[in-house]
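A.B. asks: Here you go, work-v4.txt (compact mmCIF, C-alpha atoms (C1' of nucleotides)):
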# COMPACT_ATOMS: atom_id res chain seq x y z
CA MET A 1 -53.43 -39.88 52.39
CA LYS A 2 -52.38 -37.64 55.23
CA LYS A 3 -55.73 -35.93 55.60
CA GLN A 4 -57.20 -39.28 56.47
CA ALA A 5 -55.13 -39.39 59.64
CA ILE A 6 -56.56 -36.13 60.93
CA ASN A 7 -60.06 -36.93 59.73
CA ALA A 8 -59.99 -40.23 61.57
CA HIS A 9 -58.87 -38.39 64.66
CA ILE A 10 -61.69 -35.87 64.35
CA LEU A 11 -64.28 -38.61 63.90
CA ASN A 12 -63.19 -40.10 67.21
CA TYR A 13 -64.64 -37.05 68.90
CA ILE A 14 -67.44 -35.67 66.76
CA GLN A 15 -69.79 -36.74 64.02
CA ALA A 16 -68.69 -34.47 61.21
CA THR A 17 -70.15 -34.73 57.74
CA PRO A 18 -67.89 -35.25 54.71
CA GLU A 19 -68.54 -31.63 53.75
CA GLU A 20 -67.44 -30.38 57.15
CA LEU A 21 -64.31 -32.50 56.98
CA THR A 22 -63.53 -31.19 53.53
CA LEU A 23 -63.94 -27.64 54.75
CA PHE A 24 -61.61 -28.31 57.65
CA ASN A 25 -59.08 -30.01 55.38
CA SER A 26 -59.04 -27.02 53.06
CA LYS A 27 -57.64 -24.90 55.92
CA LEU A 28 -54.67 -27.16 56.60
CA ASN A 29 -51.16 -26.56 55.36
CA GLU A 30 -48.49 -29.19 55.51
CA VAL A 31 -45.29 -28.29 57.35
CA LYS A 32 -42.10 -30.29 57.73
CA VAL A 33 -39.53 -29.80 60.47
CA ASP A 34 -36.22 -31.63 60.54
CA LYS A 35 -34.75 -33.08 63.69
CA ARG A 36 -33.24 -30.37 65.93
CA LYS A 37 -34.93 -27.64 63.92
CA PHE A 38 -37.49 -25.26 65.37
CA LEU A 39 -41.13 -24.94 64.54
CA LEU A 40 -41.35 -21.92 66.81
CA GLN A 41 -38.99 -19.69 68.73
CA PRO A 42 -39.58 -17.07 71.45
CA GLY A 43 -40.57 -13.58 70.39
CA THR A 44 -42.58 -14.78 67.44
CA TYR A 45 -46.21 -13.85 67.00
CA VAL A 46 -47.91 -17.18 66.66
CA LYS A 47 -50.38 -17.41 63.86
CA GLN A 48 -50.83 -21.17 63.71
CA GLU A 49 -51.33 -24.26 65.74
CA TYR A 50 -50.24 -27.67 64.63
CA PHE A 51 -51.42 -31.26 64.37
CA VAL A 52 -48.65 -33.85 64.35
CA LEU A 53 -48.86 -36.34 61.49
CA SER A 54 -45.54 -38.00 62.18
CA GLY A 55 -42.46 -37.40 64.27
CA CYS A 56 -42.01 -36.01 67.74
CA LEU A 57 -41.64 -32.49 69.11
CA THR A 58 -41.24 -30.66 72.42
CA ALA A 59 -42.60 -27.35 73.58
CA TYR A 60 -40.36 -25.83 76.21
CA TYR A 61 -39.48 -22.65 78.03
CA LEU A 62 -35.87 -21.57 78.31
CA ASP A 63 -35.44 -19.56 81.50
CA THR A 64 -33.03 -16.73 82.20
CA LYS A 65 -30.47 -19.18 83.60
CA GLY A 66 -30.56 -21.19 80.40
CA HIS A 67 -32.52 -24.05 81.96
CA LYS A 68 -34.99 -25.85 79.76
CA HIS A 69 -38.46 -26.66 81.08
CA ILE A 70 -40.50 -28.95 78.89
CA LEU A 71 -44.21 -28.24 78.91
CA GLN A 72 -45.31 -30.78 76.36
CA PHE A 73 -44.19 -33.62 74.16
CA ALA A 74 -46.17 -34.04 70.96
CA ILE A 75 -46.30 -37.18 68.86
CA GLU A 76 -48.70 -38.46 66.20
CA ASN A 77 -52.27 -37.18 66.61
CA TRP A 78 -51.44 -34.52 69.16
CA TRP A 79 -51.98 -30.82 68.74
CA VAL A 80 -49.06 -28.63 69.66
CA GLY A 81 -48.44 -24.91 69.83
CA ASP A 82 -47.97 -21.98 72.14
CA PHE A 83 -51.66 -21.75 72.95
CA ASN A 84 -51.26 -18.67 75.09
CA ALA A 85 -49.54 -16.76 72.31
CA PHE A 86 -51.94 -18.16 69.73
CA TYR A 87 -55.20 -17.29 71.47
CA ASN A 88 -54.13 -14.08 73.19
CA HIS A 89 -52.05 -12.65 70.36
CA GLU A 90 -48.95 -12.35 72.47
CA ALA A 91 -45.35 -12.93 71.49
CA SER A 92 -44.38 -16.51 72.12
CA LYS A 93 -42.19 -17.42 75.07
CA LEU A 94 -41.69 -21.01 73.97
CA HIS A 95 -39.48 -23.03 71.74
CA ILE A 96 -41.04 -25.83 69.78
CA GLU A 97 -38.33 -28.14 68.54
CA ALA A 98 -38.46 -31.36 66.57
CA LEU A 99 -36.86 -34.36 68.29
CA GLU A 100 -37.35 -36.37 65.12
CA ASP A 101 -37.98 -35.37 61.52
CA SER A 102 -41.61 -34.38 61.75
CA CYS A 103 -44.55 -33.69 59.52
CA LEU A 104 -47.46 -31.50 60.65
CA PHE A 105 -50.61 -29.79 59.57
CA ALA A 106 -50.89 -26.11 60.42
CA ILE A 107 -54.08 -24.12 60.79
CA SER A 108 -54.06 -20.36 61.13
CA TYR A 109 -55.94 -18.35 63.73
CA LYS A 110 -58.02 -16.61 61.10
CA ASP A 111 -58.93 -19.82 59.35
CA LEU A 112 -59.81 -21.46 62.63
CA GLN A 113 -62.12 -18.61 63.64
CA ALA A 114 -63.77 -18.70 60.22
CA LEU A 115 -64.18 -22.44 60.55
CA PHE A 116 -65.92 -22.04 63.90
CA ILE A 117 -68.46 -19.74 62.23
CA LYS A 118 -69.09 -21.90 59.19
CA ALA A 119 -68.97 -25.27 60.92
CA PRO A 120 -69.66 -24.87 64.65
CA ILE A 121 -69.26 -28.58 65.18
CA PHE A 122 -65.54 -27.90 65.33
CA GLU A 123 -66.14 -25.83 68.45
CA ARG A 124 -67.22 -29.13 69.90
CA TYR A 125 -64.14 -30.96 68.63
CA PHE A 126 -61.78 -28.45 70.20
CA ARG A 127 -63.86 -28.17 73.35
CA ILE A 128 -63.56 -31.90 73.91
CA LEU A 129 -59.84 -31.98 73.11
CA THR A 130 -59.15 -29.03 75.35
CA THR A 131 -61.18 -30.55 78.17
CA ASN A 132 -59.15 -33.74 77.90
CA ALA A 133 -55.93 -31.78 77.87
CA PHE A 134 -57.10 -29.80 80.87
CA ILE A 135 -57.84 -32.98 82.80
CA ALA A 136 -54.47 -34.46 81.87
CA GLN A 137 -52.73 -31.33 83.11
CA ARG A 138 -54.61 -31.50 86.40
CA LYS A 139 -53.23 -34.96 86.85
CA ARG A 140 -49.76 -33.69 86.12
CA ILE A 141 -50.13 -30.93 88.68
CA LEU A 142 -51.45 -33.36 91.25
CA SER A 143 -48.55 -35.66 90.56
CA THR A 144 -45.99 -32.92 91.26
CA LEU A 145 -47.82 -31.98 94.44
CA GLU A 146 -48.12 -35.49 95.79
CA LYS A 147 -45.27 -37.62 94.54
CA ASN A 148 -41.50 -37.73 94.76
CA SER A 149 -39.16 -37.97 91.80
CA LYS A 150 -39.13 -41.71 91.54
CA ALA A 151 -42.90 -42.06 91.60
CA ARG A 152 -43.29 -39.33 89.01
CA TYR A 153 -40.78 -40.98 86.71
CA LEU A 154 -42.51 -44.34 86.99
CA GLU A 155 -45.87 -42.72 86.37
CA PHE A 156 -44.53 -41.02 83.26
CA CYS A 157 -43.13 -44.27 81.86
CA LYS A 158 -46.47 -45.94 82.46
CA ASN A 159 -48.59 -43.15 81.01
CA TYR A 160 -46.42 -42.39 77.98
CA PRO A 161 -44.63 -45.60 76.99
CA ASN A 162 -44.51 -44.48 73.38
CA ILE A 163 -42.81 -41.24 74.34
CA ASP A 164 -40.51 -42.83 76.90
CA GLU A 165 -39.06 -45.06 74.20
CA ARG A 166 -38.48 -42.33 71.66
CA VAL A 167 -37.10 -39.52 73.75
CA PRO A 168 -33.71 -39.27 75.48
CA ASN A 169 -33.77 -39.50 79.20
CA TYR A 170 -32.73 -35.99 80.02
CA GLN A 171 -35.71 -34.66 78.12
CA ILE A 172 -38.04 -36.62 80.32
CA ALA A 173 -36.13 -35.28 83.31
CA SER A 174 -36.80 -31.75 82.12
CA TYR A 175 -40.50 -32.49 81.67
CA LEU A 176 -40.72 -33.87 85.19
CA GLY A 177 -38.64 -31.14 86.80
CA ILE A 178 -35.93 -33.58 87.81
CA SER A 179 -32.22 -33.43 86.99
CA ALA A 180 -30.85 -35.89 84.43
CA GLU A 181 -28.50 -37.29 87.08
CA SER A 182 -31.39 -38.02 89.40
CA ILE A 183 -33.24 -39.85 86.65
CA SER A 184 -30.16 -41.96 86.12
CA ARG A 185 -29.99 -42.85 89.79
CA ILE A 186 -33.70 -43.61 89.89
CA ARG A 187 -33.25 -46.02 86.99
CA ARG A 188 -30.46 -47.76 88.86
CA HIS A 189 -32.66 -48.20 91.91
CA ILE A 190 -35.45 -49.63 89.81
CA LYS A 191 -33.08 -52.14 88.18
CA GLN A 192 -31.75 -53.27 91.54
CA GLU A 193 -35.27 -53.77 92.85
CA ASN A 194 -36.15 -55.96 89.90
CA ILE A 195 -33.29 -58.42 90.42
CA MET B 196 -81.12 -11.53 90.41
CA LYS B 197 -78.58 -14.35 90.59
CA LYS B 198 -79.07 -15.46 87.00
CA GLN B 199 -77.87 -12.06 85.91
CA ALA B 200 -74.44 -12.78 87.36
CA ILE B 201 -73.98 -15.90 85.26
CA ASN B 202 -75.56 -14.33 82.18
CA ALA B 203 -73.20 -11.39 82.40
CA HIS B 204 -70.33 -13.83 82.67
CA ILE B 205 -71.50 -15.73 79.61
CA LEU B 206 -71.86 -12.57 77.58
CA ASN B 207 -68.22 -11.77 78.25
CA TYR B 208 -67.33 -14.73 76.07
CA ILE B 209 -70.10 -15.29 73.54
CA GLN B 210 -72.95 -13.43 71.90
CA ALA B 211 -75.88 -15.43 73.17
CA THR B 212 -79.45 -14.42 72.42
CA PRO B 213 -81.94 -13.87 75.25
CA GLU B 214 -83.60 -17.14 74.25
CA GLU B 215 -80.35 -19.04 74.52
CA LEU B 216 -79.64 -17.51 77.91
CA THR B 217 -83.12 -18.40 79.11
CA LEU B 218 -82.60 -21.97 77.96
CA PHE B 219 -79.30 -22.14 79.81
CA ASN B 220 -80.82 -20.61 82.92
CA SER B 221 -83.58 -23.19 82.94
CA LYS B 222 -80.97 -25.93 83.47
CA LEU B 223 -79.45 -24.35 86.56
CA ASN B 224 -80.20 -25.35 90.11
CA GLU B 225 -79.16 -23.29 93.06
CA VAL B 226 -77.04 -24.98 95.71
CA LYS B 227 -75.82 -23.65 99.03
CA VAL B 228 -72.84 -24.97 100.98
CA ASP B 229 -71.93 -23.76 104.44
CA LYS B 230 -68.38 -23.07 105.51
CA ARG B 231 -66.44 -26.29 106.16
CA LYS B 232 -69.12 -28.38 104.49
CA PHE B 233 -68.53 -30.44 101.38
CA LEU B 234 -69.97 -30.00 97.95
CA LEU B 235 -68.31 -33.24 96.88
CA GLN B 236 -66.46 -36.10 98.50
CA PRO B 237 -64.35 -38.93 97.04
CA GLY B 238 -66.12 -42.01 95.77
CA THR B 239 -69.11 -40.06 94.52
CA TYR B 240 -70.27 -40.27 90.93
CA VAL B 241 -70.29 -36.68 89.83
CA LYS B 242 -73.38 -35.64 87.97
CA GLN B 243 -72.93 -31.88 88.11
CA GLU B 244 -70.52 -29.07 87.71
CA TYR B 245 -70.84 -25.76 89.47
CA PHE B 246 -70.67 -22.03 88.91
CA VAL B 247 -69.80 -19.99 91.99
CA LEU B 248 -72.20 -17.12 92.68
CA SER B 249 -70.73 -16.17 96.05
CA GLY B 250 -68.31 -17.59 98.55
CA CYS B 251 -65.11 -19.53 98.15
CA LEU B 252 -64.32 -23.23 97.75
CA THR B 253 -61.35 -25.53 97.26
CA ALA B 254 -61.00 -28.70 95.24
CA TYR B 255 -58.35 -30.94 96.71
CA TYR B 256 -56.99 -34.45 96.76
CA LEU B 257 -56.32 -36.17 100.07
CA ASP B 258 -53.48 -38.64 99.60
CA THR B 259 -52.92 -41.93 101.39
CA LYS B 260 -50.72 -40.21 103.98
CA GLY B 261 -53.50 -37.76 104.79
CA HIS B 262 -51.80 -34.86 103.03
CA LYS B 263 -54.03 -32.37 101.30
CA HIS B 264 -53.16 -31.14 97.79
CA ILE B 265 -55.24 -28.25 96.55
CA LEU B 266 -55.91 -28.30 92.83
CA GLN B 267 -58.14 -25.27 92.61
CA PHE B 268 -59.61 -22.38 94.50
CA ALA B 269 -62.95 -21.17 93.25
CA ILE B 270 -64.49 -17.80 93.94
CA GLU B 271 -67.23 -15.76 92.29
CA ASN B 272 -67.63 -16.43 88.55
CA TRP B 273 -65.46 -19.53 88.50
CA TRP B 274 -66.58 -22.98 87.51
CA VAL B 275 -65.60 -25.76 89.86
CA GLY B 276 -65.98 -29.52 89.88
CA ASP B 277 -64.15 -32.78 89.48
CA PHE B 278 -63.99 -32.49 85.73
CA ASN B 279 -62.37 -35.86 85.26
CA ALA B 280 -65.13 -37.63 87.16
CA PHE B 281 -67.79 -35.47 85.50
CA TYR B 282 -66.75 -36.01 81.89
CA ASN B 283 -65.46 -39.55 82.14
CA HIS B 284 -68.14 -40.92 84.46
CA GLU B 285 -65.64 -42.04 87.05
CA ALA B 286 -65.92 -41.96 90.81
CA SER B 287 -64.55 -38.73 92.17
CA LYS B 288 -61.17 -38.65 93.90
CA LEU B 289 -61.55 -35.09 95.11
CA HIS B 290 -63.03 -33.18 97.97
CA ILE B 291 -64.71 -29.90 97.23
CA GLU B 292 -65.08 -27.94 100.42
CA ALA B 293 -66.47 -24.51 101.13
CA LEU B 294 -64.04 -22.12 102.83
CA GLU B 295 -66.86 -19.61 103.21
CA ASP B 296 -70.62 -19.96 103.12
CA SER B 297 -71.15 -20.33 99.40
CA CYS B 298 -73.90 -20.18 96.83
CA LEU B 299 -73.62 -21.95 93.48
CA PHE B 300 -75.47 -22.90 90.36
CA ALA B 301 -75.32 -26.57 89.39
CA ILE B 302 -75.77 -28.00 85.93
CA SER B 303 -76.10 -31.72 85.33
CA TYR B 304 -74.21 -33.71 82.73
CA LYS B 305 -77.39 -34.68 80.93
CA ASP B 306 -78.69 -31.14 80.84
CA LEU B 307 -75.36 -29.86 79.63
CA GLN B 308 -75.23 -32.38 76.78
CA ALA B 309 -78.79 -31.51 75.81
CA LEU B 310 -77.91 -27.84 75.91
CA PHE B 311 -74.98 -28.40 73.54
CA ILE B 312 -77.38 -29.95 71.04
CA LYS B 313 -80.07 -27.32 71.30
CA ALA B 314 -77.79 -24.30 71.58
CA PRO B 315 -74.35 -25.11 70.18
CA ILE B 316 -73.14 -21.65 71.02
CA PHE B 317 -72.52 -22.97 74.51
CA GLU B 318 -69.93 -25.33 73.05
CA ARG B 319 -68.13 -22.15 72.23
CA TYR B 320 -68.57 -20.72 75.72
CA PHE B 321 -67.10 -23.80 77.36
CA ARG B 322 -64.41 -24.16 74.73
CA ILE B 323 -63.18 -20.67 75.47
CA LEU B 324 -63.36 -21.12 79.23
CA THR B 325 -61.56 -24.43 79.07
CA THR B 326 -58.90 -23.01 76.79
CA ASN B 327 -58.29 -20.21 79.27
CA ALA B 328 -58.15 -22.66 82.14
CA PHE B 329 -55.75 -24.83 80.16
CA ILE B 330 -53.45 -21.88 79.54
CA ALA B 331 -53.58 -20.89 83.21
CA GLN B 332 -52.62 -24.42 84.21
CA ARG B 333 -49.71 -24.41 81.81
CA LYS B 334 -48.44 -21.32 83.57
CA ARG B 335 -48.83 -23.05 86.90
CA ILE B 336 -46.86 -26.05 85.67
CA LEU B 337 -44.16 -23.82 84.28
CA SER B 338 -43.98 -21.96 87.56
CA THR B 339 -43.37 -25.17 89.53
CA LEU B 340 -40.71 -26.24 87.04
CA GLU B 341 -38.86 -22.96 87.01
CA LYS B 342 -39.26 -21.17 90.30
CA ASN B 343 -38.43 -21.73 93.95
CA SER B 344 -40.90 -21.50 96.81
CA LYS B 345 -40.53 -17.81 97.46
CA ALA B 346 -41.01 -16.83 93.82
CA ARG B 347 -44.05 -19.08 93.52
CA TYR B 348 -45.62 -17.59 96.62
CA LEU B 349 -45.06 -14.05 95.40
CA GLU B 350 -46.47 -14.96 92.00
CA PHE B 351 -49.57 -16.41 93.63
CA CYS B 352 -50.17 -13.30 95.72
CA LYS B 353 -49.82 -11.16 92.62
CA ASN B 354 -52.03 -13.31 90.40
CA TYR B 355 -54.76 -14.00 92.94
CA PRO B 356 -54.89 -11.04 95.35
CA ASN B 357 -58.58 -11.65 95.95
CA ILE B 358 -57.92 -15.23 96.95
CA ASP B 359 -54.81 -14.46 98.95
CA GLU B 360 -56.80 -12.15 101.20
CA ARG B 361 -59.66 -14.57 101.81
CA VAL B 362 -57.89 -17.84 102.38
CA PRO B 363 -55.73 -18.94 105.32
CA ASN B 364 -52.08 -19.24 104.63
CA TYR B 365 -51.70 -22.96 104.95
CA GLN B 366 -54.25 -23.45 102.20
CA ILE B 367 -52.13 -21.43 99.83
CA ALA B 368 -49.16 -23.50 100.92
CA SER B 369 -51.01 -26.64 99.96
CA TYR B 370 -51.92 -25.20 96.56
CA LEU B 371 -48.30 -24.32 95.90
CA GLY B 372 -46.86 -27.57 97.21
CA ILE B 373 -45.03 -25.81 100.03
CA SER B 374 -45.24 -26.51 103.76
CA ALA B 375 -47.11 -24.04 105.95
CA GLU B 376 -43.93 -23.46 107.94
CA SER B 377 -42.02 -22.51 104.83
CA ILE B 378 -44.70 -20.03 103.83
CA SER B 379 -44.38 -18.46 107.24
CA ARG B 380 -40.61 -18.11 106.86
CA ILE B 381 -40.99 -16.72 103.35
CA ARG B 382 -43.38 -14.07 104.68
CA ARG B 383 -40.85 -13.10 107.33
CA HIS B 384 -38.15 -12.69 104.71
CA ILE B 385 -40.41 -10.51 102.60
CA LYS B 386 -41.23 -8.29 105.59
CA GLN B 387 -37.58 -7.86 106.43
CA GLU B 388 -36.76 -6.92 102.86
CA ASN B 389 -39.44 -4.22 102.87
CA ILE B 390 -38.08 -2.40 105.94
C1' DC C 391 -63.08 -19.36 130.14
C1' DG C 392 -61.20 -23.04 127.33
C1' DC C 393 -60.77 -25.03 122.98
C1' DG C 394 -59.77 -25.12 118.17
C1' DA C 395 -57.82 -22.76 114.32
C1' DC C 396 -53.99 -20.43 112.63
C1' DG C 397 -49.41 -18.70 112.48
C1' DT C 398 -44.57 -18.61 114.06
C1' DT C 399 -40.00 -20.19 115.35
C1' DG C 400 -36.12 -23.33 116.04
C1' DA C 401 -33.59 -27.72 115.38
C1' DT C 402 -32.80 -31.41 112.55
C1' DT C 403 -33.17 -34.20 108.48
C1' DT C 404 -33.45 -35.30 103.69
C1' DG C 405 -34.34 -35.49 98.84
C1' DC C 406 -32.57 -33.73 95.19
C1' DC C 407 -29.47 -30.45 92.82
C1' DT C 408 -24.99 -29.01 91.34
C1' DC C 409 -20.51 -29.78 89.89
C1' DA C 410 -17.12 -32.64 88.01
C1' DA C 411 -15.34 -36.50 85.78
C1' DC C 412 -15.67 -40.31 82.98
C1' DG C 413 -17.60 -44.41 79.75
C1' DA C 414 -20.36 -45.76 75.83
C1' DT C 415 -22.41 -44.95 71.64
C1' DT C 416 -23.35 -42.59 67.48
C1' DG C 417 -22.39 -39.53 63.84
C1' DT C 418 -19.23 -37.30 60.67
C1' DG C 419 -15.59 -35.36 57.92
C1' DG C 420 -11.09 -36.27 56.05
C1' DC D 421 -12.54 -46.75 57.18
C1' DC D 422 -10.62 -44.55 60.84
C1' DA D 423 -10.22 -40.48 64.02
C1' DC D 424 -12.50 -37.34 66.46
C1' DA D 425 -16.41 -34.83 68.18
C1' DA D 426 -20.84 -34.70 69.91
C1' DT D 427 -24.45 -36.83 72.37
C1' DC D 428 -26.13 -39.38 76.05
C1' DG D 429 -25.91 -41.85 80.28
C1' DT D 430 -23.57 -42.93 84.70
C1' DT D 431 -21.26 -42.25 89.12
C1' DG D 432 -19.42 -39.85 93.18
C1' DA D 433 -18.84 -35.91 96.42
C1' DG D 434 -20.66 -32.06 98.49
C1' DG D 435 -24.18 -28.60 99.38
C1' DC D 436 -28.63 -26.50 99.88
C1' DA D 437 -33.59 -25.55 99.83
C1' DA D 438 -37.29 -27.02 101.91
C1' DA D 439 -39.59 -30.79 104.62
C1' DT D 440 -40.35 -32.62 109.06
C1' DC D 441 -40.87 -32.61 113.93
C1' DA D 442 -41.85 -30.25 118.03
C1' DA D 443 -43.16 -26.49 120.80
C1' DC D 444 -45.32 -22.30 121.63
C1' DG D 445 -48.06 -17.69 120.95
C1' DT D 446 -52.35 -15.58 119.63
C1' DC D 447 -56.71 -14.81 118.21
C1' DG D 448 -61.68 -15.69 117.84
C1' DC D 449 -65.60 -18.11 119.21
C1' DG D 450 -68.97 -21.42 121.30
Take the structure in the file and give it back as structure tokens.

C.D. replies:
Amino acid sequence: MKKQAINAHILNYIQATPEELTLFNSKLNEVKVDKRKFLLQPGTYVKQEYFVLSGCLTAYYLDTKGHKHILQFAIENWWVGDFNAFYNHEASKLHIEALEDSCLFAISYKDLQALFIKAPIFERYFRILTTNAFIAQRKRILSTLEKNSKARYLEFCKNYPNIDERVPNYQIASYLGISAESISRIRRHIKQENI
Amino acid sequence: MKKQAINAHILNYIQATPEELTLFNSKLNEVKVDKRKFLLQPGTYVKQEYFVLSGCLTAYYLDTKGHKHILQFAIENWWVGDFNAFYNHEASKLHIEALEDSCLFAISYKDLQALFIKAPIFERYFRILTTNAFIAQRKRILSTLEKNSKARYLEFCKNYPNIDERVPNYQIASYLGISAESISRIRRHIKQENI
DNA sequence: CGCGACGTTGATTTGCCTCAACGATTGTGG
DNA sequence: CCACAATCGTTGAGGCAAATCAACGTCGCG
């Protein structure tokens, strides 16, 4: 059962009772997104955030020059969304696109707020997740400040082997702020070193 | 009274009762750090995080080449710390240094965990703060992906006028991942444009 | 005063981007 | 099942934004 996947995830972080889990589960709606289809597009008012059950998605910003800048990859057991738009009730500036056929749970803002009132333990769940995400982002920022392209690429492959294998190379380039051509050259250098 | 500053800050985010505030306040210890002194140095096991009452501090990483990379500025009403070390019980990799004589409140990990049990509303407080910080960091990441040095500098000055005025230029350079010389040239260009 | 901190300027270098062209592979419609 | 297009990766040439290196001016302070 799909709800078991999310419940198992929750129980990694908090000790929720069966009743609390059931309450949470009752707020979730299943959503499917086919490969190359969008879960979210700019200009939308975002009413939901999403937990990935299966598949793979990216959240990215498309700038005025048409360049794509990937903020996040999301695979199984990750939450994804335009959190700024979601929490601050602004129009979204992001695309969220499926890189594989994907299956998600959605929870709405209203339901989430109601959940926090009825079962405050979920404040704890999201506090812990957000803290972890915050720490991971700090590392990403530090990496861009300190390291060159090659080191950042190697770090990415090490940190996200399960994403590296599933996602085309130019997407990783966009996440790292490197051109696809540079990634290609970096890979060549790495190969030559390993001979 | 100093506790009023933090209580006012808390009440911006949650509806805490006087009793809850008093409980929180009882966990806080005042700390003073003089200009150019350190609140934290690498290798330390971090047992506290800090709320800035007055002054200004930076959290930065010093890489193996001796280059400084500023992760965060902290002024009045900001929380600062090595959150990775604090939450994951690792040795710190950061310096936290006062840029001005500063006064802070410290809360220990143990006290914070106990507080979350006794007054779960503070889970909400920190969840909201962390969510905001997470969103701000996403914007910072996007900025480095999308914009050139000049645009990032201008954005910083706009977003943090109260930091821009208080902090020497080369510190801002380090935060933005730009050399101090480049910042100087950017400033010249801006001046020339405005004549 | 003299030193350290901070900012500026110029000359040179460099890492990476951009542009362009071309294989290899996969998917797809006739 | 083949032809063709689309997707993805690779390679080379050239250019540019910003780093680096070095020197100097200025201000504030012990």

A.B. asks: For chain A, report every residue with an atom at most 10 Å from chain C (counting only C-alpha atoms (C1' of nucleotides)), formatted as a PyMOL selection string.

C.D. replies: chain A and resi 148-149+178-179+181-182

A.B. asks: Would you compute the distance between atom CA of B:Phe329 and atom CA of A:Asn169? Give it in Å to one decimal.

C.D. replies: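 Separating atom CA of B:Phe329 from atom CA of A:Asn169 is a distance of 26.4 Å.
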
A.B. asks: Write out as a tab-separated table the residues of chain B that have any atom within 6 Å of an atom of chain A, one row each with the nearest atom pair and its distance in Å to one decimal, counting only C-alpha atoms, sorted by chain and then rising number.

C.D. replies:
residue	atom	partner	partner_atom	distance
B:Asn279	CA	A:Ile135	CA	5.9
B:Glu318	CA	A:Arg124	CA	5.6
B:Arg319	CA	A:Glu123	CA	5.6
B:Arg322	CA	A:Arg127	CA	4.3
B:Phe329	CA	A:Phe134	CA	5.2
B:Ile330	CA	A:Asn84	CA	5.9
B:Leu340	CA	A:Gly177	CA	5.3
B:Gly372	CA	A:Leu145	CA	5.3

A.B. asks: Determine which residues of chain D sit within 9 Å of chain A, taking into account only C-alpha atoms (C1' of nucleotides), and present them as a list in words.

C.D. replies: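 That gives the following set of residues: DC428, DG429, DT430 and DT431 of chain D.
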
A.B. asks: Which residue is closest to D:DA438? Choose from B:Ser221, B:Tyr304, B:Met196, B:Ile381 and count only C-alpha atoms (C1' of nucleotides).

C.D. replies: B:Ile381

A.B. asks: Nearest to B:Lys227: which of B:Phe268, B:Phe351, B:Phe300, B:Tyr208 is it, counting all atoms listed in the file?

C.D. replies: B:Phe300

A.B. asks: To one decimal place in Å, what is the distance between atom CA of A:Leu39 and atom CA of A:Phe51?

C.D. replies: 12.1 Å

A.B. asks: What separation in Å, quoted to one decimal, exists between atom CA of B:Ala269 and atom CA of B:Ser297?

C.D. replies: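 Interatomic distance, atom CA of B:Ala269 to atom CA of B:Ser297: 10.3 Å.
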